[in-house]
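Below is the file final26.cif, which contains mmCIF, C-alpha atoms.
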```cif
data_work
#
loop_
_atom_site.label_atom_id
_atom_site.label_comp_id
_atom_site.auth_asym_id
_atom_site.auth_seq_id
_atom_site.Cartn_x
_atom_site.Cartn_y
_atom_site.Cartn_z
CA MET A 1 200.19 -323.77 -93.68
CA ALA A 2 203.08 -324.17 -91.25
CA VAL A 3 205.24 -321.29 -89.92
CA LEU A 4 208.96 -322.03 -90.22
CA THR A 5 212.10 -321.05 -88.34
CA GLY A 6 215.26 -321.42 -90.41
CA PRO A 7 213.60 -323.05 -93.43
CA LEU A 8 215.84 -325.51 -95.29
CA HIS A 9 218.77 -324.50 -93.02
CA SER A 10 218.57 -320.90 -94.23
CA SER A 11 217.09 -317.59 -93.06
CA GLU A 12 214.53 -317.56 -95.84
CA ALA A 13 213.30 -319.94 -98.56
CA ARG A 14 211.04 -319.30 -101.53
CA GLY A 15 209.70 -321.55 -104.25
CA ARG A 16 208.43 -325.09 -104.70
CA THR A 17 210.17 -328.29 -103.69
CA GLY A 18 208.20 -331.40 -104.59
CA ASP A 19 204.69 -330.89 -103.26
CA LEU A 20 205.72 -328.13 -100.82
CA ILE A 21 205.79 -324.38 -101.46
CA TYR A 22 208.04 -322.13 -99.35
CA ASN A 23 207.48 -318.39 -99.06
CA THR A 24 207.89 -315.40 -96.76
CA TYR A 25 205.14 -312.89 -96.08
CA ARG A 26 205.67 -309.81 -93.91
CA GLY A 27 208.81 -311.30 -92.42
CA VAL A 28 207.22 -314.66 -91.55
CA SER A 29 208.43 -317.75 -93.39
CA TYR A 30 205.92 -320.49 -94.05
CA VAL A 31 205.41 -323.68 -96.04
CA LYS A 32 202.19 -325.05 -97.53
CA ALA A 33 201.17 -327.99 -99.68
CA HIS A 34 201.00 -327.44 -103.41
CA ALA A 35 197.35 -327.46 -104.52
CA HIS A 36 197.00 -329.31 -107.79
CA TYR A 37 194.66 -327.69 -110.29
CA GLN A 38 191.19 -329.14 -110.55
CA SER A 39 188.58 -327.89 -112.99
CA GLY A 40 185.86 -327.84 -110.36
CA LEU A 41 183.20 -328.17 -113.02
CA SER A 42 179.97 -329.80 -111.98
CA ALA A 43 178.38 -332.55 -114.05
CA LYS A 44 175.92 -330.02 -115.45
CA GLN A 45 178.70 -327.56 -116.40
CA GLN A 46 180.58 -330.36 -118.15
CA ALA A 47 177.39 -331.31 -120.02
CA ILE A 48 176.93 -327.68 -121.11
CA GLN A 49 180.50 -327.55 -122.43
CA GLU A 50 180.06 -330.87 -124.22
CA THR A 51 176.87 -329.63 -125.88
CA ALA A 52 178.64 -326.46 -127.04
CA ARG A 53 181.52 -328.53 -128.45
CA TRP A 54 179.07 -330.79 -130.28
CA VAL A 55 177.19 -327.88 -131.86
CA THR A 56 180.45 -326.16 -132.86
CA GLN A 57 181.79 -329.34 -134.46
CA ASN A 58 178.52 -329.85 -136.29
CA TRP A 59 178.81 -326.30 -137.70
CA HIS A 60 182.26 -327.06 -139.09
CA ASP A 61 180.98 -330.30 -140.63
CA LEU A 62 178.18 -328.57 -142.56
CA PRO A 63 178.70 -328.14 -146.32
CA SER A 64 179.45 -324.71 -147.74
CA THR A 65 175.97 -324.50 -149.28
CA THR A 66 174.41 -324.76 -145.82
CA HIS A 67 176.84 -322.15 -144.48
CA SER A 68 175.59 -319.87 -147.25
CA GLN A 69 172.01 -320.49 -146.16
CA TRP A 70 172.88 -319.46 -142.62
CA ALA A 71 174.68 -316.36 -143.92
CA ALA A 72 171.54 -315.33 -145.80
CA PHE A 73 169.44 -316.02 -142.71
CA ALA A 74 171.75 -313.89 -140.54
CA ALA A 75 171.60 -311.01 -143.02
CA ALA A 76 167.79 -311.10 -143.01
CA HIS A 77 167.31 -311.45 -139.24
CA PRO A 78 169.00 -308.81 -137.08
CA LEU A 79 168.44 -309.22 -133.34
CA PRO A 80 166.28 -306.73 -131.42
CA HIS A 81 168.32 -304.49 -129.14
CA TRP A 82 167.48 -302.36 -126.11
CA SER A 83 168.73 -299.26 -127.96
CA GLY A 84 166.05 -299.70 -130.61
CA HIS A 85 168.66 -300.38 -133.29
CA PRO A 86 168.68 -304.06 -134.37
CA LYS A 87 171.98 -305.82 -133.96
CA ARG A 88 173.37 -308.08 -136.68
CA ILE A 89 175.14 -311.27 -135.67
CA SER A 90 177.15 -313.70 -137.76
CA ALA A 91 175.87 -316.89 -139.37
CA TYR A 92 177.87 -318.95 -136.85
CA ASN A 93 176.40 -317.04 -133.89
CA TRP A 94 172.89 -317.57 -135.22
CA TYR A 95 173.63 -321.27 -135.60
CA MET A 96 174.87 -321.46 -132.00
CA LYS A 97 171.95 -319.40 -130.73
CA LEU A 98 169.40 -321.79 -132.24
CA GLY A 99 171.39 -325.02 -132.24
CA TRP A 100 172.51 -325.06 -128.61
CA PRO A 101 169.00 -324.91 -127.04
CA GLU A 102 167.67 -327.41 -129.54
CA MET A 103 170.41 -329.90 -128.68
CA TRP A 104 170.30 -329.23 -124.93
CA TYR A 105 166.53 -329.39 -124.50
CA PHE A 106 165.33 -331.59 -127.33
CA GLY A 107 168.31 -333.89 -127.88
CA TYR A 108 168.88 -333.41 -131.61
CA GLY A 109 170.89 -331.01 -133.71
CA ILE A 110 169.88 -328.36 -136.18
CA THR A 111 171.17 -328.26 -139.76
CA SER A 112 169.44 -325.72 -141.98
CA PRO A 113 168.09 -322.39 -140.70
CA PRO A 114 164.34 -322.17 -140.05
CA ALA A 115 162.18 -320.77 -142.82
CA ALA A 116 161.20 -317.97 -140.43
CA LEU A 117 161.59 -317.19 -136.76
CA PRO A 118 158.48 -318.19 -134.83
CA ALA A 119 156.32 -315.38 -133.50
CA LEU A 120 156.74 -314.71 -129.79
CA ILE A 121 153.88 -316.00 -127.68
CA PRO A 122 152.34 -314.28 -124.64
CA LEU A 123 152.76 -316.60 -121.66
CA ASN A 124 150.46 -314.86 -119.14
CA MET A 125 152.57 -316.59 -116.51
CA SER A 126 151.50 -316.88 -112.87
CA VAL A 127 153.07 -318.64 -109.90
CA VAL A 128 151.35 -319.73 -106.68
CA TRP A 129 153.05 -321.02 -103.53
CA ASP A 130 151.28 -323.94 -101.85
CA ALA A 131 152.83 -325.66 -98.82
CA GLY A 132 156.34 -326.22 -100.18
CA ASN A 133 155.41 -326.34 -103.86
CA PHE A 134 155.26 -323.80 -106.66
CA ILE A 135 152.34 -324.15 -109.04
CA GLN A 136 153.39 -322.57 -112.33
CA SER A 137 150.59 -321.88 -114.82
CA TRP A 138 150.22 -320.11 -118.15
CA THR A 139 147.78 -319.75 -121.03
CA PRO A 140 148.64 -322.30 -123.75
CA GLN A 141 149.09 -320.72 -127.17
CA THR A 142 149.61 -323.87 -129.25
CA PRO A 143 147.47 -327.02 -129.44
CA GLY A 144 148.64 -330.45 -128.38
CA PRO A 145 149.95 -332.98 -129.00
CA THR A 146 152.27 -331.15 -131.43
CA PHE A 147 154.51 -329.55 -128.79
CA THR A 148 156.31 -326.86 -130.75
CA TRP A 149 156.98 -324.74 -127.67
CA HIS A 150 158.29 -325.74 -124.24
CA ILE A 151 158.44 -323.70 -121.04
CA ASP A 152 161.44 -323.72 -118.73
CA ALA A 153 161.59 -322.28 -115.23
CA TRP A 154 164.60 -321.05 -113.27
CA LEU A 155 164.59 -320.15 -109.57
CA GLN A 156 166.83 -317.75 -107.72
CA GLY A 157 166.48 -318.41 -104.01
CA PRO A 158 165.32 -319.06 -101.40
CA ASP A 159 166.80 -315.88 -99.93
CA PRO A 160 166.00 -314.47 -96.47
CA PHE A 161 165.12 -311.12 -98.02
CA PRO A 162 164.34 -309.89 -101.59
CA GLN A 163 167.29 -309.93 -103.99
CA ALA A 164 167.77 -308.23 -107.36
CA PRO A 165 166.86 -310.70 -110.15
CA THR A 166 170.06 -312.34 -111.44
CA ILE A 167 169.74 -315.22 -113.87
CA LYS A 168 173.36 -316.23 -113.14
CA ARG A 169 172.29 -317.17 -109.60
CA ALA A 170 169.22 -319.08 -110.78
CA ARG A 171 168.90 -322.84 -111.19
CA LEU A 172 166.90 -324.69 -113.82
CA GLN A 173 163.92 -326.33 -112.11
CA SER A 174 161.56 -327.58 -114.79
CA PHE A 175 161.01 -328.01 -118.50
CA ALA A 176 157.46 -328.66 -119.65
CA PRO A 177 155.52 -328.76 -122.94
CA GLU A 178 153.80 -325.41 -123.50
CA PRO A 179 150.30 -326.83 -124.20
CA GLN A 180 150.40 -328.47 -120.78
CA GLY A 181 149.48 -325.11 -119.23
CA GLU A 182 150.61 -326.03 -115.73
CA ASN A 183 153.68 -327.34 -113.95
CA TYR A 184 154.67 -328.19 -110.37
CA ILE A 185 158.00 -327.51 -108.69
CA ALA A 186 158.02 -329.45 -105.43
CA ASP A 187 159.87 -329.67 -102.11
CA LEU A 188 161.08 -326.10 -101.76
CA GLY A 189 161.79 -324.13 -98.61
CA PRO A 190 160.29 -320.80 -97.56
CA GLY A 191 161.94 -317.51 -98.51
CA HIS A 192 162.07 -314.97 -101.30
CA TYR A 193 162.36 -316.23 -104.88
CA ASN A 194 162.94 -314.69 -108.29
CA PHE A 195 161.09 -316.88 -110.77
CA PHE A 196 162.47 -316.75 -114.34
CA THR A 197 160.43 -318.28 -117.18
CA ARG A 198 160.64 -318.33 -120.97
CA ALA A 199 159.33 -320.29 -123.93
CA ILE A 200 161.70 -322.29 -126.16
CA HIS A 201 160.66 -323.28 -129.67
CA ALA A 202 161.61 -326.64 -131.18
CA SER A 203 163.72 -324.72 -133.70
CA GLY A 204 165.89 -323.49 -130.81
CA SER A 205 164.45 -319.97 -130.78
CA CYS A 206 164.04 -318.64 -127.22
CA MET A 207 161.79 -315.93 -125.88
CA PRO A 208 163.32 -313.43 -123.44
CA PHE A 209 163.05 -314.30 -119.76
CA SER A 210 160.20 -312.84 -117.75
CA VAL A 211 160.66 -312.47 -113.99
CA LEU A 212 158.20 -312.82 -111.12
CA GLN A 213 159.15 -312.14 -107.51
CA VAL A 214 157.47 -314.58 -105.15
CA GLU A 215 157.50 -314.71 -101.36
CA ALA A 216 157.05 -318.25 -100.05
CA THR A 217 155.93 -318.45 -96.41
#
```
Since I need it in another form, could you write the structure as structure tokens?
Amino acid sequence: MAVLTGPLHSSEARGRTGDLIYNTYRGVSYVKAHAHYQSGLSAKQQAIQETARWVTQNWHDLPSTTHSQWAAFAAAHPLPHWSGHPKRISAYNWYMKLGWPEMWYFGYGITSPPAALPALIPLNMSVVWDAGNFIQSWTPQTPGPTFTWHIDAWLQGPDPFPQAPTIKRARLQSFAPEPQGENYIADLGPGHYNFFTRAIHASGSCMPFSVLQVEAT
């Protein structure tokens, strides 16, 4: 930004001329370059948007009979809610809820609703810090090699001091078959971490996140 005296042969100038923007703030006239809009989306954010577009388009391409199946599924499966009163969501929202994770994690789309939602599994998750690596372990609940559940891990940190768990600040670190029972997340620095984990079924059904706070020294 440049400060001007007598901008454009006048006492004051405002507005855009070409790639320059003129303005006056608190009696000081200045000019700055026009900043062209850029989306700023990372490759991962663009991939997330593309996955959402694909799932939405696939919903619109489904026949009306399949839409009716999803409507019946939505009516029979209200979502649990913190208030204790189950919350009903639309057939489209159920399709997005199950179809997006299935496409993102497993690489194929969902068509018909599942016969039933899979029962939630206890993970018994633990995390150990070992010289720059996290060793993530859990008790497998399903036999291999039929991997019907996968485990993903998200890390918030490292932070110099403990932070409130916030999934929006976490980054996806790993995605492993649930019967594996153990996973390594390598080359991390010391600090305080919030470790988010959940199980994702091949149908797209996700367990709620559990959170462990870990201090890596």
Any chance you could work out the residue set of the PyMOL selection byres ((chain A and resi 135) around 12) here, as a list in words?
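That selection, the PyMOL selection byres ((chain A and resi 135) around 12), comes back as Met125, Ser126, Val127, Val128, Trp129, Asp130, Ala131, Gly132, Asn133, Phe134, Gln136, Ser137, Trp138, Ala153, Ser174, Gly181, Glu182, Asn183, Tyr184, Ile185, Ala186, Asp187, Leu188, Phe195, Val214 and Ala216 of chain A.
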C-alpha atoms of the current selection, written as a short mmCIF file (atom, residue, chain, number, x, y, z; two decimals), in the coordinates of the input:
```
data_model
loop_
_atom_site.label_atom_id
_atom_site.label_comp_id
_atom_site.auth_asym_id
_atom_site.auth_seq_id
_atom_site.Cartn_x
_atom_site.Cartn_y
_atom_site.Cartn_z
CA MET A 125 152.57 -316.59 -116.51
CA SER A 126 151.50 -316.88 -112.87
CA VAL A 127 153.07 -318.64 -109.90
CA VAL A 128 151.35 -319.73 -106.68
CA TRP A 129 153.05 -321.02 -103.53
CA ASP A 130 151.28 -323.94 -101.85
CA ALA A 131 152.83 -325.66 -98.82
CA GLY A 132 156.34 -326.22 -100.18
CA ASN A 133 155.41 -326.34 -103.86
CA PHE A 134 155.26 -323.80 -106.66
CA GLN A 136 153.39 -322.57 -112.33
CA SER A 137 150.59 -321.88 -114.82
CA TRP A 138 150.22 -320.11 -118.15
CA ALA A 153 161.59 -322.28 -115.23
CA SER A 174 161.56 -327.58 -114.79
CA GLY A 181 149.48 -325.11 -119.23
CA GLU A 182 150.61 -326.03 -115.73
CA ASN A 183 153.68 -327.34 -113.95
CA TYR A 184 154.67 -328.19 -110.37
CA ILE A 185 158.00 -327.51 -108.69
CA ALA A 186 158.02 -329.45 -105.43
CA ASP A 187 159.87 -329.67 -102.11
CA LEU A 188 161.08 -326.10 -101.76
CA PHE A 195 161.09 -316.88 -110.77
CA VAL A 214 157.47 -314.58 -105.15
CA ALA A 216 157.05 -318.25 -100.05
#
```
Between A:Thr217, A:Thr148, A:Ser205, A:Thr65, which one has atoms that come closest to His192 of chain A, using all atoms listed in the file?
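Of all the options, A:Thr217 lies closest to His192 of chain A.
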In Å, how far is it from atom CA of Pro160 of chain A to atom CA of Val211 of chain A?
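Spanning atom CA of Pro160 of chain A to atom CA of Val211 of chain A is a straight-line distance of 18.4 Å.
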Mind dumping a table of every segment 66-139 of chain A residue within 12 Å of segment 42-50 of chain A, with the nearest atom pair and its distance in Å to one decimal, using all atoms listed in the file, sorted by chain and rising number, as a Markdown table?
```
| residue | atom | partner | partner_atom | distance |
| --- | --- | --- | --- | --- |
| A:Trp100 | CA | A:Ile48 | CA | 9.1 |
| A:Pro101 | CA | A:Ile48 | CA | 10.3 |
| A:Met103 | CA | A:Ile48 | CA | 10.2 |
| A:Trp104 | CA | A:Ile48 | CA | 7.8 |
| A:Tyr105 | CA | A:Ile48 | CA | 11.1 |
```
Restricting the calculation to only C-alpha atoms, which member of A:Met96, A:Leu41, A:Leu212, A:Pro177 is positioned closest to Arg53 of chain A?
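Of A:Met96, A:Leu41, A:Leu212, A:Pro177, the one nearest Arg53 of chain A, counting only C-alpha atoms, is A:Met96.
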I'd like the residues picked by the PyMOL selection byres ((chain A and resi 158) around 9) written out as a list in words, using the chain letters and numbers from the file.
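Selected by the PyMOL selection byres ((chain A and resi 158) around 9) in this file: Leu155, Gln156, Gly157, Asp159, Pro160, Phe161, Leu188, Gly189, Pro190, Gly191, His192, Tyr193, Asn194, Glu215 and Ala216 of chain A.
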With distances taken over all atoms listed in the file, which of A:Trp59, A:Phe196, A:Tyr95, A:Phe73 is nearest to Ala116 of chain A?
A:Phe73
A:Asn23, A:Thr166, A:Gln141, A:Gln213: which is nearest Pro179 of chain A, counting all atoms listed in the file?
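So, comparing all the options, the nearest one is A:Gln141.
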Taking the file as shown, what set of residues would the PyMOL selection byres ((chain A and resi 91) around 9) give back, as a list of chain:residue names?
A:His67, A:Ser68, A:Gln69, A:Trp70, A:Ala71, A:Ala72, A:Phe73, A:Ala74, A:Ala75, A:Ile89, A:Ser90, A:Tyr92, A:Asn93, A:Trp94, A:Tyr95, A:Met96
What is the atom CA of Gly204 of chain A-atom CA of Ile110 of chain A distance in Å, reported with one decimal?
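Distance between the two atoms: 8.3 Å.
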With all atoms listed in the file as the atoms that count, which of A:Leu98, A:Pro162, A:Ala170, A:Ala176 lies nearest to Met207 of chain A?
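Of A:Leu98, A:Pro162, A:Ala170, A:Ala176, the one nearest Met207 of chain A, counting all atoms listed in the file, is A:Leu98.
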Pick from A:Thr66, A:Thr51, A:Thr56, A:Ser83, whichever lies nearest to Glu102 of chain A using all atoms listed in the file:
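Of A:Thr66, A:Thr51, A:Thr56, A:Ser83, the one nearest Glu102 of chain A is A:Thr51, counting all atoms listed in the file.
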For the atom pair atom CA of Arg169 of chain A and atom CA of Pro208 of chain A, what is the interatomic distance in Å to one decimal place?
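Result for atom CA of Arg169 of chain A versus atom CA of Pro208 of chain A: 16.9 Å, one decimal.
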Could you rebuild segment 82-108 of chain A with N, CA and C atoms and give me the result as a short mmCIF file (atom, residue, chain, number, x, y, z; two decimals), keeping the file's coordinate frame?
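Result saved to selection-v7.cif:
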```
data_model
loop_
_atom_site.label_atom_id
_atom_site.label_comp_id
_atom_site.auth_asym_id
_atom_site.auth_seq_id
_atom_site.Cartn_x
_atom_site.Cartn_y
_atom_site.Cartn_z
N TRP A 82 168.11 -303.30 -127.03
CA TRP A 82 167.48 -302.36 -126.11
C TRP A 82 167.56 -300.93 -126.62
N SER A 83 168.56 -300.62 -127.45
CA SER A 83 168.73 -299.26 -127.96
C SER A 83 167.71 -298.92 -129.03
N GLY A 84 166.99 -299.92 -129.52
CA GLY A 84 166.05 -299.70 -130.61
C GLY A 84 166.66 -299.93 -131.97
N HIS A 85 167.98 -300.12 -132.03
CA HIS A 85 168.66 -300.38 -133.29
C HIS A 85 169.01 -301.86 -133.36
N PRO A 86 168.41 -302.61 -134.28
CA PRO A 86 168.68 -304.06 -134.37
C PRO A 86 170.17 -304.34 -134.54
N LYS A 87 170.58 -305.43 -133.94
CA LYS A 87 171.98 -305.82 -133.96
C LYS A 87 172.16 -307.04 -134.86
N ARG A 88 173.09 -306.95 -135.80
CA ARG A 88 173.37 -308.08 -136.68
C ARG A 88 174.42 -308.99 -136.04
N ILE A 89 174.17 -310.29 -136.15
CA ILE A 89 175.14 -311.27 -135.67
C ILE A 89 175.52 -312.19 -136.83
N SER A 90 176.63 -312.89 -136.68
CA SER A 90 177.15 -313.70 -137.76
C SER A 90 176.32 -314.97 -137.96
N ALA A 91 176.55 -315.64 -139.09
CA ALA A 91 175.87 -316.89 -139.37
C ALA A 91 176.20 -317.93 -138.30
N TYR A 92 177.47 -317.99 -137.88
CA TYR A 92 177.87 -318.95 -136.85
C TYR A 92 177.16 -318.66 -135.53
N ASN A 93 177.07 -317.39 -135.14
CA ASN A 93 176.40 -317.04 -133.89
C ASN A 93 174.92 -317.37 -133.93
N TRP A 94 174.29 -317.18 -135.10
CA TRP A 94 172.89 -317.57 -135.22
C TRP A 94 172.75 -319.08 -135.09
N TYR A 95 173.67 -319.82 -135.69
CA TYR A 95 173.63 -321.27 -135.60
C TYR A 95 173.78 -321.73 -134.15
N MET A 96 174.70 -321.11 -133.40
CA MET A 96 174.87 -321.46 -132.00
C MET A 96 173.66 -321.05 -131.18
N LYS A 97 173.10 -319.90 -131.48
CA LYS A 97 171.95 -319.40 -130.73
C LYS A 97 170.75 -320.34 -130.85
N LEU A 98 170.52 -320.89 -132.03
CA LEU A 98 169.40 -321.79 -132.24
C LEU A 98 169.77 -323.25 -132.00
N GLY A 99 171.00 -323.62 -132.33
CA GLY A 99 171.39 -325.02 -132.24
C GLY A 99 171.66 -325.50 -130.84
N TRP A 100 172.20 -324.62 -129.98
CA TRP A 100 172.51 -325.06 -128.61
C TRP A 100 171.24 -325.40 -127.84
N PRO A 101 170.22 -324.53 -127.78
CA PRO A 101 169.00 -324.91 -127.04
C PRO A 101 168.33 -326.14 -127.61
N GLU A 102 168.33 -326.26 -128.95
CA GLU A 102 167.67 -327.41 -129.54
C GLU A 102 168.35 -328.72 -129.11
N MET A 103 169.69 -328.70 -129.10
CA MET A 103 170.41 -329.90 -128.68
C MET A 103 170.26 -330.14 -127.19
N TRP A 104 170.34 -329.10 -126.38
CA TRP A 104 170.30 -329.23 -124.93
C TRP A 104 168.92 -329.70 -124.45
N TYR A 105 167.87 -329.10 -125.00
CA TYR A 105 166.53 -329.39 -124.50
C TYR A 105 165.83 -330.53 -125.24
N PHE A 106 166.09 -330.63 -126.54
CA PHE A 106 165.33 -331.59 -127.33
C PHE A 106 166.15 -332.80 -127.78
N GLY A 107 167.48 -332.72 -127.65
CA GLY A 107 168.31 -333.89 -127.88
C GLY A 107 168.67 -334.16 -129.33
N TYR A 108 168.45 -333.21 -130.22
CA TYR A 108 168.88 -333.41 -131.61
C TYR A 108 169.41 -332.09 -132.16
#
```
